[in-house]
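Student: Before I ask anything, let me first share the structure, which is written out below as structure tokens.
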Amino acid sequence: MASPLSVVVLAAGLAVSAPSPDEPHGLIVRVAGDCSAAAEQVVEQTGGQLLSVQPSGNTCIITVLVQGNGQRPRKVTVRVPM
């Protein structure tokens with residue numbers, strides 16, 4: 001199972017470019033905004049499980065699944081300024 005931090009890094013808005021002709025087997029990855037710290041903080045505060053992270057302008061949209069006391073887990077979405 002992937003650690004929450006590795007999921008955050010992958011889900012932080014990756015944009016993948018096609019390999020260049022000079023490096024036919026190379027892969028270029030650009031990160032659009034860094035929401036990893038914000039996502040880690042939301043997971044710690046809610047005690048939830050990270051579902052998704054999406055940068056949007058100057059905001060990180062973070063969705064976690066929070067377990068209830070004997071109830072169904074609920075999905076919580078938090079907007080955090082970058």
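Chain identifiers are assigned as A, B, and so on, following the order in which chains appear in the structure tokens; residues are numbered from 1 within each chain, and ligands are numbered from 1 in order of appearance.
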Need the shell around Gly68 (chain A): protein/DNA/RNA residues with any atom at most 12 Å away, counting only C-alpha atoms. Skip same-chain ones fewer than 5 positions apart. Format as an MDAnalysis selection string?
Tutor: chainID A and resid 46:48 73:76
Student: Output the selection as a compact mmCIF listing (two decimals), in the first residue's frame - N, CA, C and O atoms for each residue.
Tutor:
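Final output, selection.txt:
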```
# COMPACT_ATOMS: atom_id res chain seq x y z
N THR A 46 -8.12 15.69 10.38
CA THR A 46 -9.38 14.96 10.30
C THR A 46 -9.25 13.51 10.72
O THR A 46 -10.25 12.88 11.04
N GLY A 47 -8.03 12.98 10.71
CA GLY A 47 -7.85 11.56 10.99
C GLY A 47 -8.39 10.71 9.86
O GLY A 47 -8.64 9.52 10.04
N GLY A 48 -8.59 11.32 8.71
CA GLY A 48 -9.18 10.62 7.57
C GLY A 48 -8.16 9.99 6.65
O GLY A 48 -6.96 10.02 6.90
N PRO A 73 -18.45 5.93 6.61
CA PRO A 73 -17.48 7.02 6.49
C PRO A 73 -18.09 8.15 5.67
O PRO A 73 -18.95 7.93 4.81
N ARG A 74 -17.66 9.38 5.95
CA ARG A 74 -18.17 10.51 5.18
C ARG A 74 -17.03 11.17 4.43
O ARG A 74 -15.89 11.18 4.90
N LYS A 75 -17.37 11.68 3.28
CA LYS A 75 -16.39 12.37 2.45
C LYS A 75 -16.37 13.83 2.85
O LYS A 75 -17.40 14.49 2.91
N VAL A 76 -15.17 14.36 3.14
CA VAL A 76 -14.99 15.74 3.55
C VAL A 76 -14.06 16.43 2.55
O VAL A 76 -12.98 15.92 2.27
```
Student: Hey, which of A:Val53, A:Thr77, A:Thr63, A:Arg72 ends up closest to Cys35 (chain A)? Count only C-alpha atoms.
Tutor: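 Of the candidates, the smallest distance to Cys35 (chain A) is held by A:Val53.
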Student: Please run DSSP on the backbone and report, as number ranges by chain, all residues within region 29-63 of chain A that come out as strand (DSSP E or B).
Tutor: A: 29-31, 49-56, 59-63
